[in-house]
$ cat input-v3.txt   # compact mmCIF, N, CA and C atoms and all ligand atoms
# COMPACT_ATOMS: atom_id res chain seq x y z
N MET A 11 -33.97 -0.05 99.98
CA MET A 11 -33.87 -0.73 98.69
C MET A 11 -33.89 0.31 97.57
N THR A 12 -32.98 0.14 96.63
CA THR A 12 -32.88 1.11 95.53
C THR A 12 -34.05 0.96 94.58
N ASP A 13 -34.51 2.09 94.09
CA ASP A 13 -35.61 2.08 93.14
C ASP A 13 -35.03 2.06 91.72
N HIS A 14 -35.21 0.95 91.02
CA HIS A 14 -34.69 0.83 89.66
C HIS A 14 -35.79 0.98 88.61
N SER A 15 -36.98 1.42 89.03
CA SER A 15 -38.08 1.48 88.07
C SER A 15 -37.79 2.50 86.98
N LEU A 16 -38.39 2.29 85.82
CA LEU A 16 -38.20 3.18 84.67
C LEU A 16 -39.54 3.72 84.21
N THR A 17 -39.52 4.95 83.70
CA THR A 17 -40.72 5.53 83.12
C THR A 17 -40.48 5.78 81.64
N LEU A 18 -41.40 5.27 80.83
CA LEU A 18 -41.27 5.37 79.38
C LEU A 18 -42.49 6.06 78.79
N SER A 19 -42.30 6.66 77.62
CA SER A 19 -43.45 7.21 76.89
C SER A 19 -44.01 6.12 75.97
N LEU A 20 -45.23 6.34 75.53
CA LEU A 20 -45.88 5.39 74.63
C LEU A 20 -45.08 5.23 73.34
N SER A 21 -44.52 6.32 72.82
CA SER A 21 -43.80 6.22 71.54
C SER A 21 -42.48 5.47 71.73
N GLN A 22 -41.85 5.62 72.90
CA GLN A 22 -40.63 4.83 73.18
C GLN A 22 -40.97 3.35 73.24
N TRP A 23 -42.08 3.06 73.90
CA TRP A 23 -42.56 1.68 73.99
C TRP A 23 -42.78 1.10 72.59
N ASP A 24 -43.44 1.91 71.73
CA ASP A 24 -43.73 1.46 70.37
C ASP A 24 -42.46 1.27 69.54
N THR A 25 -41.46 2.13 69.75
CA THR A 25 -40.21 1.99 69.01
C THR A 25 -39.56 0.64 69.32
N MET A 26 -39.56 0.26 70.59
CA MET A 26 -39.00 -1.05 70.95
C MET A 26 -39.83 -2.17 70.34
N ARG A 27 -41.15 -2.04 70.47
CA ARG A 27 -42.00 -3.13 69.97
C ARG A 27 -41.85 -3.30 68.46
N ARG A 28 -41.77 -2.17 67.74
CA ARG A 28 -41.58 -2.27 66.28
C ARG A 28 -40.27 -2.97 65.95
N HIS A 29 -39.22 -2.65 66.71
CA HIS A 29 -37.91 -3.25 66.43
C HIS A 29 -37.93 -4.76 66.69
N VAL A 30 -38.47 -5.19 67.82
CA VAL A 30 -38.47 -6.63 68.11
C VAL A 30 -39.38 -7.37 67.14
N THR A 31 -40.46 -6.71 66.69
CA THR A 31 -41.36 -7.33 65.71
C THR A 31 -40.65 -7.49 64.37
N ALA A 32 -39.93 -6.45 63.95
CA ALA A 32 -39.26 -6.48 62.65
C ALA A 32 -38.16 -7.55 62.61
N GLU A 33 -37.49 -7.77 63.73
CA GLU A 33 -36.36 -8.71 63.76
C GLU A 33 -36.80 -10.15 63.97
N ALA A 34 -38.00 -10.37 64.52
CA ALA A 34 -38.46 -11.73 64.81
C ALA A 34 -38.49 -12.53 63.50
N PRO A 35 -38.16 -13.83 63.54
CA PRO A 35 -37.99 -14.67 64.72
C PRO A 35 -36.61 -14.59 65.37
N LEU A 36 -35.74 -13.66 64.88
CA LEU A 36 -34.45 -13.52 65.54
C LEU A 36 -34.60 -12.64 66.78
N GLU A 37 -33.69 -12.83 67.72
CA GLU A 37 -33.67 -11.92 68.87
C GLU A 37 -33.24 -10.54 68.41
N ALA A 38 -33.81 -9.52 69.02
CA ALA A 38 -33.46 -8.14 68.73
C ALA A 38 -32.96 -7.51 70.02
N CYS A 39 -32.20 -6.41 69.89
CA CYS A 39 -31.66 -5.78 71.10
C CYS A 39 -31.47 -4.28 70.89
N GLY A 40 -31.21 -3.60 71.98
CA GLY A 40 -30.98 -2.16 71.89
C GLY A 40 -30.76 -1.56 73.27
N LEU A 41 -30.55 -0.25 73.27
CA LEU A 41 -30.24 0.49 74.49
C LEU A 41 -31.28 1.57 74.75
N LEU A 42 -31.51 1.83 76.03
CA LEU A 42 -32.34 2.97 76.42
C LEU A 42 -31.46 3.96 77.18
N GLY A 43 -31.54 5.21 76.75
CA GLY A 43 -30.82 6.27 77.46
C GLY A 43 -31.80 7.09 78.26
N GLY A 44 -31.31 7.64 79.37
CA GLY A 44 -32.21 8.45 80.17
C GLY A 44 -31.49 9.07 81.34
N LYS A 45 -32.31 9.56 82.26
CA LYS A 45 -31.79 10.19 83.47
C LYS A 45 -32.75 9.97 84.61
N GLU A 46 -32.20 9.57 85.74
CA GLU A 46 -33.01 9.41 86.95
C GLU A 46 -34.29 8.63 86.72
N GLY A 47 -34.14 7.52 86.02
CA GLY A 47 -35.28 6.62 85.84
C GLY A 47 -36.25 7.03 84.76
N GLU A 48 -35.97 8.15 84.10
CA GLU A 48 -36.86 8.56 83.02
C GLU A 48 -36.16 8.33 81.68
N VAL A 49 -36.80 7.52 80.83
CA VAL A 49 -36.21 7.19 79.54
C VAL A 49 -36.35 8.38 78.60
N LYS A 50 -35.24 8.70 77.91
CA LYS A 50 -35.23 9.84 76.98
C LYS A 50 -34.94 9.41 75.55
N ALA A 51 -34.37 8.23 75.37
CA ALA A 51 -33.99 7.80 74.01
C ALA A 51 -34.03 6.29 73.92
N VAL A 52 -34.49 5.79 72.77
CA VAL A 52 -34.49 4.36 72.47
C VAL A 52 -33.62 4.15 71.23
N LEU A 53 -32.57 3.36 71.38
CA LEU A 53 -31.67 3.12 70.27
C LEU A 53 -31.57 1.63 69.96
N PRO A 54 -32.29 1.15 68.94
CA PRO A 54 -32.13 -0.23 68.52
C PRO A 54 -30.69 -0.47 68.05
N VAL A 55 -30.14 -1.62 68.37
CA VAL A 55 -28.77 -1.98 67.96
C VAL A 55 -28.83 -3.34 67.28
N LYS A 56 -28.06 -3.48 66.20
CA LYS A 56 -28.07 -4.75 65.46
C LYS A 56 -27.59 -5.90 66.34
N ASN A 57 -28.30 -7.02 66.22
CA ASN A 57 -27.89 -8.24 66.92
C ASN A 57 -26.90 -8.99 66.04
N ALA A 58 -25.60 -8.89 66.40
CA ALA A 58 -24.56 -9.50 65.58
C ALA A 58 -24.63 -11.02 65.62
N ALA A 59 -25.31 -11.58 66.63
CA ALA A 59 -25.39 -13.04 66.74
C ALA A 59 -26.33 -13.62 65.68
N GLY A 60 -27.27 -12.81 65.18
CA GLY A 60 -28.21 -13.31 64.19
C GLY A 60 -28.87 -14.60 64.61
N SER A 61 -29.30 -14.66 65.86
CA SER A 61 -29.76 -15.91 66.47
C SER A 61 -31.17 -15.77 67.01
N ARG A 62 -31.88 -16.90 67.08
CA ARG A 62 -33.22 -16.92 67.67
C ARG A 62 -33.17 -17.06 69.18
N VAL A 63 -32.00 -17.42 69.71
CA VAL A 63 -31.93 -17.72 71.14
C VAL A 63 -30.86 -16.93 71.89
N ARG A 64 -30.14 -16.06 71.20
CA ARG A 64 -29.23 -15.21 71.95
C ARG A 64 -28.96 -13.92 71.18
N PHE A 65 -28.35 -12.98 71.87
CA PHE A 65 -28.02 -11.72 71.20
C PHE A 65 -26.63 -11.27 71.62
N GLN A 66 -26.02 -10.54 70.69
CA GLN A 66 -24.78 -9.85 71.01
C GLN A 66 -24.80 -8.56 70.21
N MET A 67 -24.77 -7.45 70.91
CA MET A 67 -24.84 -6.18 70.19
C MET A 67 -23.62 -6.04 69.29
N GLU A 68 -23.89 -5.64 68.06
CA GLU A 68 -22.81 -5.41 67.10
C GLU A 68 -21.91 -4.32 67.71
N PRO A 69 -20.60 -4.62 67.90
CA PRO A 69 -19.75 -3.73 68.71
C PRO A 69 -19.70 -2.28 68.23
N LYS A 70 -19.57 -2.07 66.90
CA LYS A 70 -19.47 -0.69 66.41
C LYS A 70 -20.79 0.05 66.60
N ALA A 71 -21.89 -0.65 66.34
CA ALA A 71 -23.21 -0.01 66.51
C ALA A 71 -23.44 0.30 67.98
N GLN A 72 -23.00 -0.60 68.85
CA GLN A 72 -23.15 -0.39 70.29
C GLN A 72 -22.33 0.83 70.72
N LEU A 73 -21.10 0.92 70.21
CA LEU A 73 -20.25 2.06 70.55
C LEU A 73 -20.87 3.37 70.07
N ARG A 74 -21.39 3.36 68.83
CA ARG A 74 -22.05 4.57 68.31
C ARG A 74 -23.24 4.97 69.19
N ALA A 75 -23.99 3.96 69.63
CA ALA A 75 -25.15 4.25 70.48
C ALA A 75 -24.70 4.86 71.81
N PHE A 76 -23.64 4.27 72.42
CA PHE A 76 -23.10 4.81 73.67
C PHE A 76 -22.67 6.26 73.46
N GLU A 77 -21.97 6.52 72.33
CA GLU A 77 -21.46 7.87 72.06
C GLU A 77 -22.60 8.86 71.86
N GLN A 78 -23.64 8.40 71.16
CA GLN A 78 -24.78 9.29 70.93
C GLN A 78 -25.44 9.68 72.26
N LEU A 79 -25.62 8.68 73.14
CA LEU A 79 -26.25 8.97 74.43
C LEU A 79 -25.38 9.92 75.24
N GLU A 80 -24.07 9.66 75.22
CA GLU A 80 -23.16 10.51 75.98
C GLU A 80 -23.20 11.94 75.47
N SER A 81 -23.25 12.10 74.12
CA SER A 81 -23.27 13.44 73.55
C SER A 81 -24.56 14.18 73.91
N GLU A 82 -25.59 13.43 74.23
CA GLU A 82 -26.86 14.05 74.63
C GLU A 82 -26.98 14.19 76.15
N GLY A 83 -25.88 13.85 76.85
CA GLY A 83 -25.89 13.99 78.30
C GLY A 83 -26.73 12.93 79.00
N LEU A 84 -26.92 11.79 78.33
CA LEU A 84 -27.74 10.73 78.90
C LEU A 84 -26.89 9.55 79.34
N GLU A 85 -27.46 8.78 80.25
CA GLU A 85 -26.81 7.54 80.68
C GLU A 85 -27.57 6.36 80.10
N VAL A 86 -26.87 5.24 79.98
CA VAL A 86 -27.57 4.01 79.60
C VAL A 86 -28.35 3.56 80.83
N VAL A 87 -29.67 3.53 80.73
CA VAL A 87 -30.49 3.12 81.87
C VAL A 87 -31.04 1.71 81.70
N ALA A 88 -31.03 1.20 80.46
CA ALA A 88 -31.54 -0.16 80.24
C ALA A 88 -30.99 -0.74 78.95
N ILE A 89 -30.91 -2.06 78.94
CA ILE A 89 -30.65 -2.83 77.73
C ILE A 89 -31.92 -3.63 77.48
N PHE A 90 -32.43 -3.58 76.25
CA PHE A 90 -33.58 -4.43 75.96
C PHE A 90 -33.20 -5.48 74.93
N HIS A 91 -33.83 -6.65 75.05
CA HIS A 91 -33.72 -7.65 73.99
C HIS A 91 -34.95 -8.52 74.01
N SER A 92 -35.12 -9.28 72.93
CA SER A 92 -36.35 -10.04 72.78
C SER A 92 -36.11 -11.54 72.92
N HIS A 93 -37.14 -12.21 73.36
CA HIS A 93 -37.22 -13.67 73.40
C HIS A 93 -38.43 -14.06 72.55
N PRO A 94 -38.23 -14.18 71.22
CA PRO A 94 -39.39 -14.45 70.36
C PRO A 94 -40.13 -15.73 70.74
N LYS A 95 -39.42 -16.67 71.34
CA LYS A 95 -40.06 -17.93 71.76
C LYS A 95 -40.13 -18.04 73.28
N GLY A 96 -39.99 -16.93 73.97
CA GLY A 96 -39.97 -16.96 75.42
C GLY A 96 -38.60 -17.35 75.93
N PRO A 97 -38.40 -17.42 77.23
CA PRO A 97 -39.38 -17.11 78.27
C PRO A 97 -39.55 -15.61 78.50
N THR A 98 -40.46 -15.25 79.41
CA THR A 98 -40.73 -13.84 79.69
C THR A 98 -39.72 -13.25 80.68
N VAL A 99 -38.83 -14.10 81.16
CA VAL A 99 -37.84 -13.69 82.17
C VAL A 99 -36.43 -13.89 81.61
N PRO A 100 -35.42 -13.29 82.23
CA PRO A 100 -34.04 -13.47 81.74
C PRO A 100 -33.64 -14.95 81.76
N SER A 101 -32.92 -15.36 80.73
CA SER A 101 -32.42 -16.74 80.67
C SER A 101 -31.20 -16.85 81.58
N PRO A 102 -30.80 -18.09 81.92
CA PRO A 102 -29.58 -18.26 82.70
C PRO A 102 -28.38 -17.57 82.05
N THR A 103 -28.33 -17.60 80.69
CA THR A 103 -27.24 -16.91 79.98
C THR A 103 -27.34 -15.40 80.19
N ASP A 104 -28.56 -14.86 80.10
CA ASP A 104 -28.73 -13.42 80.33
C ASP A 104 -28.22 -13.03 81.71
N ILE A 105 -28.53 -13.85 82.70
CA ILE A 105 -28.13 -13.54 84.08
C ILE A 105 -26.61 -13.64 84.21
N ARG A 106 -26.06 -14.68 83.60
CA ARG A 106 -24.61 -14.88 83.68
C ARG A 106 -23.85 -13.76 82.98
N GLU A 107 -24.40 -13.28 81.84
CA GLU A 107 -23.65 -12.32 81.02
C GLU A 107 -24.02 -10.87 81.30
N ALA A 108 -24.90 -10.64 82.28
CA ALA A 108 -25.31 -9.26 82.57
C ALA A 108 -24.12 -8.48 83.11
N GLY A 109 -23.52 -7.66 82.24
CA GLY A 109 -22.29 -6.98 82.61
C GLY A 109 -22.48 -5.56 83.09
N TYR A 110 -23.63 -4.96 82.74
CA TYR A 110 -23.83 -3.56 83.09
C TYR A 110 -24.87 -3.44 84.20
N GLU A 111 -24.68 -2.45 85.05
CA GLU A 111 -25.65 -2.20 86.11
C GLU A 111 -26.76 -1.34 85.56
N VAL A 112 -27.62 -1.96 84.77
CA VAL A 112 -28.76 -1.28 84.16
C VAL A 112 -29.95 -2.22 84.24
N VAL A 113 -31.13 -1.68 83.95
CA VAL A 113 -32.31 -2.53 83.89
C VAL A 113 -32.24 -3.37 82.61
N HIS A 114 -32.63 -4.62 82.72
CA HIS A 114 -32.69 -5.50 81.55
C HIS A 114 -34.15 -5.71 81.20
N ILE A 115 -34.53 -5.25 80.01
CA ILE A 115 -35.92 -5.39 79.57
C ILE A 115 -36.01 -6.57 78.61
N ILE A 116 -36.90 -7.49 78.94
CA ILE A 116 -37.11 -8.67 78.10
C ILE A 116 -38.45 -8.53 77.39
N TRP A 117 -38.41 -8.53 76.06
CA TRP A 117 -39.63 -8.58 75.25
C TRP A 117 -39.86 -10.02 74.87
N SER A 118 -41.03 -10.52 75.17
CA SER A 118 -41.33 -11.90 74.81
C SER A 118 -42.73 -11.94 74.19
N LYS A 119 -42.93 -12.99 73.41
CA LYS A 119 -44.21 -13.10 72.73
C LYS A 119 -45.08 -14.09 73.48
N VAL A 120 -46.24 -13.60 73.87
CA VAL A 120 -47.20 -14.44 74.58
C VAL A 120 -48.41 -14.56 73.65
N GLY A 121 -48.56 -15.74 73.05
CA GLY A 121 -49.56 -15.86 72.00
C GLY A 121 -49.13 -14.99 70.84
N ARG A 122 -49.99 -14.05 70.43
CA ARG A 122 -49.63 -13.18 69.31
C ARG A 122 -49.17 -11.81 69.78
N ARG A 123 -49.16 -11.60 71.09
CA ARG A 123 -48.83 -10.27 71.60
C ARG A 123 -47.46 -10.24 72.26
N TRP A 124 -46.74 -9.14 72.01
CA TRP A 124 -45.48 -8.93 72.71
C TRP A 124 -45.75 -8.31 74.08
N GLN A 125 -44.99 -8.74 75.04
CA GLN A 125 -45.04 -8.07 76.32
C GLN A 125 -43.60 -7.79 76.77
N ALA A 126 -43.44 -6.81 77.64
CA ALA A 126 -42.10 -6.47 78.13
C ALA A 126 -42.10 -6.45 79.65
N ARG A 127 -41.03 -6.99 80.21
CA ARG A 127 -40.85 -6.95 81.66
C ARG A 127 -39.43 -6.47 81.95
N GLY A 128 -39.27 -5.74 83.04
CA GLY A 128 -37.96 -5.22 83.41
C GLY A 128 -37.38 -5.98 84.59
N PHE A 129 -36.05 -6.14 84.57
CA PHE A 129 -35.39 -6.87 85.65
C PHE A 129 -34.09 -6.18 86.03
N TRP A 130 -33.79 -6.24 87.32
CA TRP A 130 -32.49 -5.81 87.81
C TRP A 130 -31.72 -7.09 88.14
N ILE A 131 -30.56 -7.26 87.50
CA ILE A 131 -29.80 -8.50 87.67
C ILE A 131 -28.55 -8.20 88.47
N GLU A 132 -28.43 -8.91 89.58
CA GLU A 132 -27.29 -8.68 90.46
C GLU A 132 -26.98 -9.96 91.21
N ASN A 133 -25.71 -10.29 91.33
CA ASN A 133 -25.27 -11.47 92.08
C ASN A 133 -26.00 -12.74 91.63
N GLY A 134 -26.17 -12.89 90.31
CA GLY A 134 -26.79 -14.10 89.79
C GLY A 134 -28.27 -14.22 90.04
N HIS A 135 -28.90 -13.08 90.37
CA HIS A 135 -30.33 -13.11 90.67
C HIS A 135 -31.04 -12.00 89.90
N ALA A 136 -32.20 -12.31 89.33
CA ALA A 136 -32.98 -11.31 88.59
C ALA A 136 -34.22 -10.94 89.39
N ALA A 137 -34.35 -9.66 89.71
CA ALA A 137 -35.54 -9.17 90.44
C ALA A 137 -36.33 -8.26 89.50
N GLU A 138 -37.64 -8.46 89.44
CA GLU A 138 -38.45 -7.65 88.54
C GLU A 138 -38.55 -6.21 89.04
N VAL A 139 -38.46 -5.27 88.08
CA VAL A 139 -38.64 -3.85 88.40
C VAL A 139 -39.79 -3.31 87.57
N PRO A 140 -40.51 -2.32 88.09
CA PRO A 140 -41.66 -1.79 87.35
C PRO A 140 -41.23 -0.98 86.13
N LEU A 141 -41.96 -1.17 85.05
CA LEU A 141 -41.82 -0.32 83.86
C LEU A 141 -43.09 0.51 83.80
N ASN A 142 -42.95 1.80 84.06
CA ASN A 142 -44.13 2.67 84.14
C ASN A 142 -44.33 3.42 82.83
N MET A 143 -45.59 3.63 82.49
CA MET A 143 -45.92 4.38 81.30
C MET A 143 -46.16 5.83 81.70
N GLN A 144 -45.50 6.73 80.95
CA GLN A 144 -45.63 8.17 81.24
C GLN A 144 -47.10 8.59 81.18
N GLY A 145 -47.51 9.33 82.16
CA GLY A 145 -48.87 9.87 82.14
C GLY A 145 -49.95 8.88 82.49
N VAL A 146 -49.55 7.68 82.92
CA VAL A 146 -50.56 6.69 83.27
C VAL A 146 -50.53 6.48 84.78
ZN ZN B 201 -32.30 -13.29 76.71
$ encode --input "input-v3.txt" --output "structure tokens" --more "lines below"
Ligand SMILES: [Zn+2]
Amino acid sequence: MTDHSLTLSLSQWDTMRRHVTAEAPLEACGLLGGKEGEVKAVLPVKNAAGSRVRFQMEPKAQLRAFEQLESEGLEVVAIFHSHPKGPTVPSPTDIREAGYEVVHIIWSKVGRRWQARGFWIENGHAAEVPLNMQGV
């Protein structure tokens, strides 16, 4: 079985959390660049859908983010987006529209706290993958 787990630093984690917090109650999204399961860059991308229940990365911003990662020799290792009203897992739409073979990180709000879970989506099925904190 392939290991799709990711390792993130605390500041990368905080960058994502700040972005999803700032955009709430709208969904927020972005890309993580890295290598061999280690995250090296967090790039928030504008949600062109401007919606509380779905996201679509603004195409030009998404392209710029892809180009930036490529220029740094990184691959897209994950797409993150938020579910301000839940659920904590990918929605049927997320599973249907998962076009890239990357980890999908879902930020959801549980009570007053945000939490993040990672999933590998393949063949219409989402399997949870570990998100590890660097140095922990
Ligand atoms: Zn979603």
$ residues_near_ligand --input "input-v3.txt" --ligand "ligand ZN 201 (chain B)" --cutoff "7 Å" --atoms "only N, CA and C atoms and all ligand atoms" --output "PyMOL selection string"
chain A and resi 63-65+91-93+99-101+103-104+116
$ residues_near_point --input "input-v3.txt" --point "(-28.1, 2.4, 84.0)" --cutoff "7 Å" --atoms "only C-alpha atoms" --output "list of chain:residue names"
A:Glu85, A:Val86, A:Val87, A:Ala88, A:Glu111, A:Val112, A:Val113
$ atom_distance --input "input-v3.txt" --atom1 "atom C of Ala71 of chain A" --atom2 "atom CA of Ala51 of chain A"
14.3 Å
$ residues_around --input "input-v3.txt" --residues "segment 14-16 of chain A" --least-positions-apart "2" --cutoff "8 Å" --atoms "only N, CA and C atoms" --output "PyMOL selection string"
chain A and resi 11-12+18-19+46-49+87+112-113+128-130+138-144
$ residues_around --input "input-v3.txt" --residues "Ile89 of chain A" --least-positions-apart "6" --cutoff "5 Å" --atoms "all atoms listed in the file" --output "list in words"
Gly40, Leu41, Leu42, Val113, His114 and Ile115 of chain A
$ closest_residue --input "input-v3.txt" --among "A:Ala136, A:Gly60, A:Glu68, A:Arg106" --to "Pro35 of chain A" --atoms "all atoms listed in the file"
A:Gly60
$ axis_aligned_box --input "input-v3.txt" --around "segment 35-54 of chain A" --padding-each-side "8 Å" --output "JSON"
{"center_x": -34.2, "center_y": -2.2, "center_z": 75.2, "size_x": 23.9, "size_y": 40.9, "size_z": 39.4}
$ select_by_dssp --input "input-v3.txt" --residues "chain A" --states "helix (DSSP H, G or I)" --output "PyMOL selection string"
chain A and resi 20-33+69-81+102-107
$ closest_residue --input "input-v3.txt" --among "A:Pro69, A:Pro102, A:Gly43, A:Gly145" --to "Val55 of chain A" --atoms "only C-alpha atoms"
A:Pro69
$ atom_distance --input "input-v3.txt" --atom1 "atom CA of Ala59 of chain A" --atom2 "atom N of Arg27 of chain A"
19.6 Å
$ closest_residue --input "input-v3.txt" --among "A:Ser118, A:Ser21, A:Tyr110, A:Gly44" --to "Ile131 of chain A" --atoms "only N, CA and C atoms"
A:Tyr110
$ closest_residue --input "input-v3.txt" --among "A:Ala75, A:Met67, A:Leu20, A:Val30" --to "Leu53 of chain A" --atoms "all atoms listed in the file"
A:Ala75
$ select_by_dssp --input "input-v3.txt" --residues "chain A" --states "strand (DSSP E or B)" --output "ChimeraX atom specification"
/A:16-18,39-45,48-55,57,67,85-93,113-120,123-132,135-139,141-143
$ closest_residue --input "input-v3.txt" --among "A:Ile105, A:Asn133, A:Thr17, A:Pro97" --to "Lys45 of chain A" --atoms "only C-alpha atoms"
A:Thr17
$ atom_distance --input "input-v3.txt" --atom1 "atom N of Arg122 of chain A" --atom2 "atom C of Ala38 of chain A"
18.2 Å
